[in-house]
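This is run.cif. It holds mmCIF, C-alpha atoms.
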data_input
loop_
_atom_site.label_atom_id
_atom_site.label_comp_id
_atom_site.auth_asym_id
_atom_site.auth_seq_id
_atom_site.Cartn_x
_atom_site.Cartn_y
_atom_site.Cartn_z
CA MET A 246 138.55 177.08 -73.65
CA THR A 247 140.39 174.01 -72.43
CA GLY A 248 137.13 172.08 -72.16
CA GLN A 249 136.30 172.93 -75.77
CA VAL A 250 139.76 171.73 -76.88
CA CYS A 251 139.15 168.44 -75.12
CA LEU A 252 135.75 168.08 -76.78
CA ASP A 253 137.10 168.89 -80.24
CA MET A 254 139.95 166.38 -79.91
CA ARG A 255 137.75 163.59 -78.60
CA ASN A 256 135.08 164.03 -81.26
CA ASP A 257 137.58 163.05 -83.95
CA ARG A 258 138.74 159.48 -83.44
CA HIS A 259 141.79 160.14 -85.65
CA GLY A 260 142.92 163.00 -83.42
CA GLY A 261 141.14 165.77 -85.45
CA GLN A 262 142.23 169.34 -85.81
CA GLY A 263 141.26 170.59 -82.32
CA ARG A 264 140.84 174.26 -83.28
CA VAL A 265 139.41 176.90 -80.97
CA GLY A 266 138.52 180.33 -82.36
CA GLY A 267 140.85 179.73 -85.31
CA ARG A 268 143.80 178.82 -83.06
CA LYS A 269 145.26 175.35 -83.15
CA ALA A 270 145.25 173.73 -79.71
CA GLY A 271 148.64 172.98 -78.19
CA PRO A 272 149.50 169.34 -77.46
CA LEU A 273 149.19 169.71 -73.68
CA ASP A 274 146.43 172.32 -73.36
CA GLU A 275 144.60 169.49 -71.58
CA LYS A 276 146.04 166.92 -69.22
CA ARG A 277 146.95 163.92 -71.36
CA VAL A 278 146.80 160.45 -69.82
CA PHE A 279 148.18 157.65 -72.01
CA LEU A 280 147.18 154.03 -71.42
CA PHE A 281 149.67 151.62 -73.02
CA LEU A 282 148.50 148.13 -73.95
CA GLN A 283 150.70 145.49 -75.61
CA GLY A 284 153.71 146.74 -77.56
CA PRO A 285 156.63 145.41 -79.60
CA HIS A 286 158.92 142.99 -77.78
CA GLY A 287 161.59 144.93 -75.94
CA PRO A 288 161.93 148.28 -74.14
CA TYR A 289 160.37 150.60 -76.73
CA PHE A 290 157.06 151.29 -74.94
CA GLN A 291 158.84 151.90 -71.64
CA GLN A 292 161.20 154.42 -73.24
CA LEU A 293 158.35 156.11 -75.10
CA ALA A 294 156.36 156.50 -71.87
CA ALA A 295 159.39 158.01 -70.10
CA MET A 296 159.58 160.73 -72.76
CA MET A 297 155.82 161.29 -72.54
CA ARG A 298 156.15 161.91 -68.81
CA THR A 299 158.95 164.38 -69.45
CA ALA A 300 156.57 166.22 -71.78
CA GLY A 301 154.02 166.45 -68.94
CA ALA A 302 151.72 163.52 -69.66
CA ASP A 303 150.74 160.68 -67.33
CA CYS A 304 151.35 157.11 -68.50
CA TRP A 305 149.92 153.77 -67.39
CA ARG A 306 150.48 150.27 -68.72
CA VAL A 307 148.14 147.29 -68.69
CA GLY A 308 150.09 144.03 -68.63
CA PHE A 309 148.62 140.71 -69.70
CA ASN A 310 151.56 138.42 -68.95
CA ALA A 311 155.00 138.27 -67.36
CA GLY A 312 156.66 139.41 -70.58
CA ASP A 313 154.66 142.66 -70.50
CA ALA A 314 155.62 143.15 -66.84
CA PHE A 315 159.34 142.55 -67.44
CA PHE A 316 159.60 145.27 -70.08
CA TRP A 317 157.76 147.90 -68.00
CA ARG A 318 160.05 149.07 -65.20
CA ASP A 319 157.67 151.66 -63.71
CA LYS A 320 155.81 149.33 -61.37
CA ALA A 321 153.79 152.20 -59.86
CA GLY A 322 152.27 152.78 -63.31
CA TYR A 323 151.67 149.10 -64.08
CA ILE A 324 148.17 147.56 -64.03
CA PRO A 325 148.10 143.75 -64.25
CA PHE A 326 145.14 142.07 -65.94
CA ASP A 327 144.92 138.42 -64.93
CA TYR A 328 141.36 137.49 -65.94
CA GLY A 329 139.83 135.95 -69.04
CA LEU A 330 139.17 137.93 -72.19
CA GLU A 331 135.43 138.04 -71.41
CA LYS A 332 136.16 140.43 -68.51
CA TRP A 333 138.56 142.67 -70.38
CA GLY A 334 136.02 145.12 -71.82
CA ASN A 335 134.51 146.04 -68.46
CA ARG A 336 137.96 146.28 -66.89
CA PHE A 337 139.09 148.58 -69.69
CA ASP A 338 136.11 150.87 -69.07
CA GLN A 339 136.95 150.94 -65.36
CA ILE A 340 140.61 151.84 -65.97
CA VAL A 341 139.64 154.62 -68.39
CA ALA A 342 137.32 156.12 -65.78
CA ASP A 343 139.63 155.66 -62.79
CA LYS A 344 142.73 157.10 -64.50
CA ALA A 345 140.92 159.74 -66.61
CA VAL A 346 142.52 158.24 -69.75
CA THR A 347 142.58 160.43 -72.86
CA ASP A 348 144.70 158.26 -75.19
CA ILE A 349 145.46 154.57 -75.72
CA VAL A 350 148.68 153.29 -77.27
CA LEU A 351 149.04 149.82 -78.79
CA TYR A 352 151.01 147.73 -81.26
CA GLY A 353 148.81 146.13 -83.92
CA ASP A 354 145.05 146.56 -83.88
CA ALA A 355 143.83 143.05 -84.71
CA ARG A 356 144.63 140.99 -81.60
CA PRO A 357 141.42 140.45 -79.55
CA ILE A 358 142.40 142.59 -76.53
CA HIS A 359 143.28 145.49 -78.82
CA ALA A 360 140.20 145.15 -81.02
CA GLU A 361 137.99 145.24 -77.91
CA ALA A 362 139.88 148.22 -76.48
CA ILE A 363 139.62 150.15 -79.76
CA ALA A 364 135.87 149.55 -79.99
CA ARG A 365 135.38 150.90 -76.47
CA ALA A 366 137.86 153.73 -76.97
CA HIS A 367 135.68 155.04 -79.79
CA ILE A 368 132.72 155.12 -77.39
CA HIS A 369 134.78 156.98 -74.79
CA GLY A 370 136.12 159.43 -77.39
CA LEU A 371 139.76 158.50 -76.79
CA THR A 372 142.57 159.15 -79.23
CA ILE A 373 143.88 155.80 -80.51
CA HIS A 374 147.60 155.57 -81.32
CA VAL A 375 148.50 152.46 -83.35
CA PHE A 376 152.06 151.32 -84.00
CA GLU A 377 153.02 148.64 -86.51
CA GLU A 378 156.07 147.41 -88.35
CA GLY A 379 156.77 149.84 -91.16
CA TYR A 380 154.78 149.69 -94.36
CA LEU A 381 158.17 150.55 -95.89
CA ARG A 382 160.18 148.43 -93.47
CA PRO A 383 162.87 147.91 -92.34
CA TYR A 384 163.97 151.55 -92.21
CA TRP A 385 160.71 153.01 -90.90
CA ILE A 386 157.90 152.09 -88.49
CA SER A 387 154.21 152.87 -88.99
CA TYR A 388 152.34 155.27 -86.73
CA GLU A 389 148.64 155.91 -87.34
CA ARG A 390 145.53 156.80 -85.40
CA GLY A 391 142.41 154.68 -85.32
CA GLY A 392 143.77 151.61 -87.10
CA SER A 393 146.50 150.07 -89.26
CA ASN A 394 146.85 147.70 -92.22
CA GLY A 395 143.33 146.86 -93.45
CA HIS A 396 141.88 149.33 -90.93
CA SER A 397 144.17 152.18 -91.97
CA ARG A 398 142.88 155.47 -93.36
CA LEU A 399 145.11 154.72 -96.35
CA MET A 400 142.61 152.10 -97.49
CA GLN A 401 140.12 154.83 -98.39
CA MET A 402 142.60 157.24 -99.99
CA SER A 403 143.22 157.43 -103.72
CA VAL A 404 146.57 158.27 -105.28
CA GLU A 405 145.01 161.45 -106.68
CA GLU A 406 144.05 162.59 -103.18
CA MET A 407 147.62 161.98 -102.05
CA ARG A 408 148.99 163.95 -105.00
CA ASP A 409 146.79 166.92 -104.15
CA VAL A 410 148.27 167.02 -100.64
CA LEU A 411 151.84 166.48 -101.86
CA ALA A 412 151.56 169.49 -104.14
CA LYS A 413 151.89 171.59 -100.97
CA SER A 414 154.94 169.68 -99.76
CA PRO A 415 157.75 169.78 -102.38
CA VAL A 416 160.25 167.90 -100.19
CA GLU A 417 162.29 165.06 -101.63
CA PRO A 418 161.76 161.72 -99.79
CA PRO A 419 164.63 160.42 -97.64
CA VAL A 420 167.02 157.83 -99.03
CA SER A 421 167.23 154.41 -97.37
CA PRO A 422 170.47 153.71 -95.47
CA ALA A 423 172.82 150.91 -96.46
CA ARG A 424 172.12 149.06 -93.21
CA TRP A 425 169.69 149.53 -90.35
CA GLY A 426 169.39 147.48 -87.17
CA ASP A 427 169.79 143.76 -86.96
CA MET A 428 167.28 140.90 -87.14
CA ARG A 429 169.14 139.28 -84.23
CA GLN A 430 167.88 142.03 -81.90
CA HIS A 431 164.30 141.39 -82.96
CA ILE A 432 164.73 137.65 -82.38
CA PHE A 433 166.51 138.18 -79.05
CA TYR A 434 163.73 140.34 -77.59
CA GLY A 435 161.11 137.90 -78.88
CA ALA A 436 162.89 134.99 -77.18
CA LEU A 437 163.32 136.92 -73.92
CA TYR A 438 159.67 137.99 -73.87
CA HIS A 439 158.39 134.45 -74.40
CA PHE A 440 160.88 133.08 -71.87
CA PHE A 441 159.16 135.08 -69.13
CA VAL A 442 155.71 134.12 -70.39
CA MET A 443 156.71 130.47 -70.45
CA PHE A 444 158.53 130.21 -67.11
CA ASN A 445 157.26 133.06 -64.90
CA ASN A 446 153.58 133.48 -65.75
CA ARG A 447 151.97 132.13 -62.58
CA ALA A 448 150.33 135.49 -61.84
CA TYR A 449 148.61 135.44 -65.25
CA ALA A 450 146.98 132.01 -65.26
CA ASN A 451 144.19 133.15 -67.62
CA PHE A 452 146.48 134.58 -70.29
CA THR A 453 145.75 133.40 -73.84
CA PRO A 454 148.21 134.22 -76.67
CA HIS A 455 146.60 136.32 -79.39
CA ARG A 456 148.23 134.34 -82.17
CA GLY A 457 146.72 131.00 -81.24
CA VAL A 458 150.24 129.54 -81.08
CA PRO A 459 151.43 127.87 -77.85
CA VAL A 460 153.85 130.06 -75.90
CA ALA A 461 156.36 127.21 -75.75
CA ARG A 462 156.38 127.01 -79.54
CA GLU A 463 156.89 130.78 -79.84
CA PHE A 464 159.79 130.68 -77.37
CA LEU A 465 161.40 127.65 -78.98
CA GLY A 466 160.94 129.21 -82.41
CA TYR A 467 162.82 132.37 -81.40
CA LEU A 468 165.49 130.33 -79.57
CA LYS A 469 165.89 128.03 -82.57
CA GLY A 470 166.24 131.07 -84.81
CA LEU A 471 169.06 132.44 -82.67
CA LEU A 472 170.94 129.18 -82.30
CA LEU A 473 170.61 128.08 -85.91
CA MET A 474 171.28 131.48 -87.45
CA PRO A 475 174.77 130.50 -88.74
CA VAL A 476 173.40 127.28 -90.28
CA THR A 477 170.36 128.87 -91.89
CA SER A 478 172.50 131.75 -93.13
CA ALA A 479 174.88 129.35 -94.88
CA GLU A 480 171.99 127.35 -96.31
CA ARG A 481 170.37 130.54 -97.57
CA ARG A 482 173.56 131.76 -99.23
CA ILE A 483 173.94 128.47 -101.09
CA ALA A 484 170.33 128.49 -102.27
CA SER A 485 170.53 132.18 -103.27
CA ARG A 486 173.74 131.57 -105.21
CA ARG A 487 172.13 128.68 -107.08
CA ILE A 488 169.29 130.98 -108.14
CA ARG A 489 171.54 133.90 -109.07
CA LEU A 490 173.81 131.68 -111.18
CA GLY A 491 170.90 129.89 -112.85
CA ARG A 492 170.12 130.77 -116.43
CA PHE A 493 166.36 130.73 -115.90
CA PRO A 494 163.91 133.64 -115.56
CA TYR A 495 162.06 133.47 -112.25
CA HIS A 496 159.14 134.83 -110.25
CA ILE A 497 158.96 135.33 -106.46
CA ALA A 498 156.25 134.32 -104.01
CA LEU A 499 156.62 136.27 -100.74
CA LEU A 500 155.37 134.32 -97.73
CA GLN A 501 154.19 135.64 -94.37
CA LEU A 502 153.85 134.26 -90.87
CA GLU A 503 150.64 132.24 -90.86
CA HIS A 504 149.73 133.42 -87.35
CA ASP A 505 150.43 137.09 -88.10
CA SER A 506 147.43 139.38 -87.59
CA SER A 507 147.73 140.88 -91.07
CA PHE A 508 147.40 137.41 -92.60
CA GLN A 509 144.69 136.18 -90.23
CA THR A 510 142.52 139.32 -90.32
CA HIS A 511 143.00 140.72 -93.82
CA SER A 512 143.56 137.61 -95.95
CA PRO A 513 141.15 135.42 -97.97
CA PHE A 514 143.21 132.33 -97.06
CA ALA A 515 142.89 130.27 -93.89
CA THR A 516 146.44 128.93 -94.10
CA MET A 517 149.67 129.60 -95.96
CA ALA A 518 149.25 126.17 -97.60
CA ASP A 519 146.05 127.43 -99.26
CA PHE A 520 147.94 130.40 -100.70
CA LEU A 521 150.79 128.18 -101.90
CA GLU A 522 148.41 125.82 -103.67
CA GLU A 523 146.77 128.68 -105.56
CA VAL A 524 150.16 130.11 -106.55
CA LEU A 525 151.70 126.85 -107.77
CA GLN A 526 148.60 125.82 -109.67
CA ALA A 527 148.43 129.17 -111.45
CA PHE A 528 152.17 129.10 -112.12
CA ALA A 529 151.85 125.66 -113.74
CA GLU A 530 148.98 126.91 -115.90
CA GLY A 531 150.34 130.28 -116.96
CA ALA A 532 154.10 130.61 -116.68
CA PRO A 533 156.33 129.72 -119.65
CA ARG A 534 157.87 126.28 -119.15
CA HIS A 535 161.41 127.63 -118.84
CA HIS A 536 160.44 130.00 -115.99
CA HIS A 537 161.03 129.09 -112.33
CA LEU A 538 159.32 130.06 -109.07
CA VAL A 539 161.25 131.19 -105.98
CA ILE A 540 159.32 130.91 -102.71
CA LYS A 541 160.79 133.10 -99.98
CA ALA A 542 159.84 132.41 -96.36
CA HIS A 543 159.38 135.14 -93.78
CA PRO A 544 162.63 135.90 -91.88
CA LEU A 545 160.99 134.90 -88.56
CA ASP A 546 159.42 131.69 -89.83
CA ASP A 547 160.37 128.82 -87.52
CA GLY A 548 159.70 126.05 -90.03
CA ASN A 549 157.08 124.35 -87.88
CA ILE A 550 154.32 124.35 -90.48
CA GLY A 551 156.46 122.18 -92.78
CA LEU A 552 156.73 124.62 -95.66
CA ARG A 553 159.44 122.71 -97.44
CA ARG A 554 157.44 119.51 -97.36
CA GLN A 555 154.26 121.23 -98.55
CA ILE A 556 156.06 122.93 -101.42
CA ARG A 557 157.69 119.69 -102.53
CA ALA A 558 154.30 117.94 -102.59
CA LEU A 559 152.65 120.76 -104.54
CA ALA A 560 155.51 120.89 -107.06
CA GLU A 561 155.03 117.17 -107.76
CA ARG A 562 151.24 117.54 -108.00
CA TYR A 563 151.48 120.30 -110.62
CA ASP A 564 154.43 118.87 -112.54
CA LEU A 565 156.83 121.61 -111.45
CA LYS A 566 159.66 119.45 -110.18
CA GLY A 567 162.99 121.25 -110.58
CA ARG A 568 161.31 124.60 -111.22
CA VAL A 569 160.46 125.57 -107.63
CA HIS A 570 163.06 126.90 -105.16
CA PHE A 571 162.59 127.57 -101.44
CA LEU A 572 164.53 130.20 -99.47
CA ARG A 573 164.47 130.52 -95.68
CA GLY A 574 164.31 134.29 -95.25
CA GLY A 575 167.29 136.48 -95.99
CA LYS A 576 167.69 139.78 -97.84
CA LEU A 577 165.17 140.38 -100.57
CA ALA A 578 166.96 143.06 -102.60
CA GLU A 579 169.31 140.72 -104.49
CA LEU A 580 166.48 138.42 -105.52
CA LEU A 581 164.31 141.28 -106.68
CA ALA A 582 167.07 142.53 -108.96
CA ASP A 583 166.29 139.80 -111.51
CA THR A 584 162.73 138.66 -110.83
CA ARG A 585 159.99 139.01 -113.44
CA THR A 586 157.07 139.34 -110.98
CA ALA A 587 156.22 139.08 -107.30
CA VAL A 588 153.11 137.64 -105.66
CA THR A 589 151.99 137.82 -102.03
CA VAL A 590 148.93 137.79 -99.80
CA ASN A 591 149.48 141.25 -98.29
CA SER A 592 153.10 141.31 -97.11
CA THR A 593 154.75 144.71 -96.71
CA ALA A 594 157.63 143.19 -98.71
CA GLY A 595 155.43 143.74 -101.75
CA GLN A 596 156.36 147.39 -101.58
CA GLN A 597 160.00 146.54 -102.24
CA ALA A 598 158.87 145.01 -105.53
CA LEU A 599 156.80 148.06 -106.44
CA TYR A 600 159.69 150.38 -105.57
CA ARG A 601 161.73 148.58 -108.25
CA GLY A 602 158.96 148.66 -110.85
CA ILE A 603 158.29 144.90 -110.58
CA PRO A 604 154.73 143.73 -111.36
CA LEU A 605 152.96 142.73 -108.14
CA ARG A 606 149.86 140.61 -107.53
CA SER A 607 148.38 140.56 -104.02
CA PHE A 608 145.30 138.88 -102.55
CA GLY A 609 144.57 140.32 -99.11
CA LYS A 610 143.76 143.80 -97.89
CA ALA A 611 146.88 145.96 -97.99
CA VAL A 612 147.50 149.70 -97.81
CA TYR A 613 149.36 149.53 -101.15
CA ASN A 614 146.52 147.87 -103.06
CA LYS A 615 145.95 150.73 -105.48
CA PRO A 616 144.82 150.04 -109.07
CA GLU A 617 147.58 152.22 -110.50
CA PHE A 618 150.34 149.85 -109.45
CA VAL A 619 148.98 146.51 -108.16
CA SER A 620 147.80 144.04 -110.81
CA SER A 621 144.25 142.69 -110.85
CA GLN A 622 144.97 140.11 -113.57
CA PRO A 623 143.96 136.48 -112.94
CA LEU A 624 147.04 134.82 -111.47
CA ALA A 625 147.75 132.43 -114.37
CA GLU A 626 147.50 135.36 -116.79
CA PHE A 627 149.75 137.41 -114.49
CA PHE A 628 152.47 134.75 -114.65
CA ALA A 629 152.08 134.53 -118.43
CA GLY A 630 152.52 138.26 -119.04
CA ALA A 631 152.17 140.71 -116.17
CA ILE A 632 151.30 144.37 -116.70
CA ARG A 633 153.95 146.67 -115.27
CA PRO A 634 153.03 149.05 -112.45
CA ASP A 635 152.77 152.82 -112.88
CA ARG A 636 156.06 153.79 -111.23
CA GLN A 637 155.19 157.47 -111.10
CA ALA A 638 151.98 156.70 -109.22
CA TYR A 639 153.82 154.42 -106.81
CA GLY A 640 156.53 157.04 -106.32
CA ASP A 641 153.89 159.59 -105.31
CA TYR A 642 152.24 157.08 -102.99
CA ARG A 643 155.57 156.18 -101.36
CA ARG A 644 156.47 159.81 -100.87
CA TYR A 645 153.09 160.41 -99.24
CA LEU A 646 153.74 157.61 -96.75
CA LEU A 647 157.20 158.97 -95.94
CA GLU A 648 155.67 162.37 -95.23
CA THR A 649 152.92 160.95 -92.98
CA SER A 650 152.71 157.57 -91.24
CA GLN A 651 156.25 156.25 -91.86
CA VAL A 652 158.65 157.41 -89.15
CA ALA A 653 162.42 156.89 -89.36
CA GLY A 654 163.73 154.38 -86.82
CA GLY A 655 162.80 151.01 -85.39
CA PHE A 656 161.58 149.20 -82.29
CA TYR A 657 164.44 146.80 -81.60
CA SER A 658 167.95 148.22 -81.94
CA ALA A 659 169.01 150.94 -79.50
CA ARG A 660 170.09 153.32 -82.28
CA ALA A 661 166.88 152.83 -84.21
CA ARG A 662 164.81 153.52 -81.08
CA ARG A 663 166.76 156.71 -80.39
CA GLN A 664 166.04 158.04 -83.84
CA LEU A 665 162.39 157.06 -83.63
CA LEU A 666 161.88 158.74 -80.25
CA ARG A 667 163.29 162.03 -81.56
CA GLN A 668 160.21 162.47 -83.71
CA ILE A 669 157.38 160.24 -82.52
CA VAL A 670 156.56 161.97 -79.22
CA ASP A 671 155.73 165.27 -80.92
CA MET A 672 153.59 163.41 -83.47
CA MET A 673 151.61 161.70 -80.71
CA LEU A 674 151.08 164.92 -78.76
CA ALA A 675 149.96 166.83 -81.85
CA PRO A 676 146.21 167.43 -82.17
CA GLU A 677 146.24 166.18 -85.77
CA ASP A 678 147.05 162.71 -87.03
CA PRO A 679 149.95 162.37 -89.54
CA TYR A 680 147.66 162.57 -92.59
CA GLU A 681 145.78 165.67 -91.43
CA ALA A 682 149.01 167.34 -90.31
CA LEU A 683 150.49 167.12 -93.80
CA LYS A 684 147.25 168.33 -95.34
CA SER A 685 147.09 171.39 -93.08
CA GLY A 686 150.80 172.15 -93.36
CA THR A 687 151.60 171.59 -89.67
CA ALA A 688 153.65 168.40 -90.06
CA ALA A 689 157.19 168.70 -88.75
CA PRO A 690 160.04 168.21 -91.26
CA ARG A 691 160.96 164.54 -91.52
CA GLN A 692 164.33 163.28 -90.35
CA GLN A 693 166.81 161.98 -92.84
CA LEU A 694 167.80 158.41 -92.09
CA ARG A 695 171.28 158.02 -90.71
CA ILE A 696 173.66 155.35 -91.88
CA VAL A 697 174.11 152.79 -89.12
CA PRO A 698 177.66 151.31 -89.23
#

Show how you would write the structure in this file as structure tokens.
Amino acid sequence: MTGQVCLDMRNDRHGGQGRVGGRKAGPLDEKRVFLFLQGPHGPYFQQLAAMMRTAGADCWRVGFNAGDAFFWRDKAGYIPFDYGLEKWGNRFDQIVADKAVTDIVLYGDARPIHAEAIARAHIHGLTIHVFEEGYLRPYWISYERGGSNGHSRLMQMSVEEMRDVLAKSPVEPPVSPARWGDMRQHIFYGALYHFFVMFNNRAYANFTPHRGVPVAREFLGYLKGLLLMPVTSAERRIASRRIRLGRFPYHIALLQLEHDSSFQTHSPFATMADFLEEVLQAFAEGAPRHHHLVIKAHPLDDGNIGLRRQIRALAERYDLKGRVHFLRGGKLAELLADTRTAVTVNSTAGQQALYRGIPLRSFGKAVYNKPEFVSSQPLAEFFAGAIRPDRQAYGDYRRYLLETSQVAGGFYSARARRQLLRQIVDMMLAPEDPYEALKSGTAAPRQQLRIVP
């Protein structure tokens, strides 16, 4: 019977139902061996693996640089990979065979080492556990099987399909807390990770960053963010106040990190400058002349691509001088309170606009790109008179996410990790993925978010 359970689970790349004779297989009816690849900066993967071992599973970690090694304290379970990417596929196959791996665990599915591992994991019949920043961040993280973002199962689901499943689950969605975590913790772990990669990476001479950004730039960007946080915070407050006190209607353009996998893999633009040019040109053509445009940078943007300079040049080119405002990160909620529309490539921040009933136009692949609530109008027409989203449809969609792939907690703060670990281990050990578990009625009740003082 155990062999049949193993076969049933491996035949479904999303962690299928694993039924035997009408009985649902238990999470450890077979020996589970988890192979961790690259994770979020910080101790989350190490803590997750510790709980997996307590549950009876074996855990291994492949490390690709000194940052990976530093955040994995179990050296007996650590496997260094210090060759070029061209040798990674064969090495992955060897590790899977040697360790009898049943599951792989990774953060983001688009970086080359993860894309190669996922392709081979399908061949081996492994269960693929993918973590990402929350689609409804910052209060939740995303956990899916098989793929995330443009590779998520959500891309093929309609709102009607989600409603059919929700009809069996009459639970009210959790309310967001007033405050959760701290961006400083995210930046700190990013700086620490890249410090080790930059200064202690001799054993990984063939390591190549997946983002195509020099490690020194990544490290200096995180360090700069930490050191200049008081200055940028003051600058942001001044700029935000100027917008709030202005008597002009405005629209928001939500920027992303240019080297982020979601932008690089699921976007029609090669650079953020290409996106900005399309937005400002359409704004000049379609928006009423008394309307303004607020361009909000990503909170982790280090300023190295010269956004301010590019925006200034584009504003002059399209005769928008005095009507374009640039903000370096910061909280989005206050700005969304008064905006007329929002536009983005495929940022998860777009969901904050939809949650408030604000018309949204996006360009890249995104899990929220549903015709019921994301506009398909030409951009100039959108700025001239956007069609409002169907808030009921978005509410159903959001509730579906909160009952499936969105898990309360976070990767970076200690309190957020504790809350996340209370639920995620059982979800990973379950034979069904989050979407199938809700459909079959086996999903565990979701935790209510706790207020973090």

- One residue among A:Ala661, A:Ala675, A:Val404, A:Ala314 is nearest to A:Tyr642 when using only C-alpha atoms, and that residue is A:Val404

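A search radius of 9 Å centred on (163.4, 124.0, -110.9), applied to only C-alpha atoms, returns the residues A:Phe493, A:His535, A:His536, A:His537, A:Leu538, A:Val539, A:Leu565, A:Lys566, A:Gly567, A:Arg568, A:Val569, A:His570.
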
- Residue among A:Val410, A:Gly595, A:Met297, A:Thr347 lying closest to A:Lys684, counting only C-alpha atoms: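 Using only C-alpha atoms, the shortest distance to A:Lys684 belongs to A:Val410.
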
- Report as number ranges by chain the residues that result from applying the PyMOL selection byres ((chain A and resi 541) around 10) to the structure here. A: 497-501, 538-540, 542-544, 570-577, 580

- Message: Here is a test: counting all atoms listed in the file, which residue of A:Glu648, A:Tyr380, A:Pro285, A:Ile603 is nearest to A:Glu681?
- Response: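 Ranked by minimum distance to A:Glu681, first place goes to A:Glu648.
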
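If you measure from each of A:Leu282, A:Ala342, A:Val350, A:Val442 to A:Val670 using all atoms listed in the file, the closest one turns out to be A:Val350.
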
- Within 7 Å of A:Ser393, counting all atoms listed in the file, which residues show up once you throw out same-chain ones fewer than 2 positions away? Write them as a list of chain:residue names, please.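 Those residues are A:Asp354, A:Val375, A:Glu389, A:Gly395, A:His396, A:Ser397.
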
- Note on the structure: As a check of understanding: the span from atom CA of A:Ala594 to atom CA of A:Tyr384 is 12.3 Å

- Length of the atom CA of A:Tyr600 to atom CA of A:Gln401 vector [Å]: 21.3 Å

- Residues at most 10 Å from A:Arg644, counting only C-alpha atoms, excluding those fewer than 2 positions away in the same chain, as a PyMOL selection string? chain A and resi 407-408+411+416-419+638-642+646-649+651

- Message: Quick one: residues within 7 Å of stretch 662-666 of chain A, all atoms listed in the file, excluding same-chain residues fewer than 6 positions away - as a count of residues only?
- Response: 7

- Query: In Å, how far is it from atom CA of A:His374 to atom CA of A:Phe290?
  - Reply: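 Straight-line distance from atom CA of A:His374 to atom CA of A:Phe290 works out to 12.2 Å.
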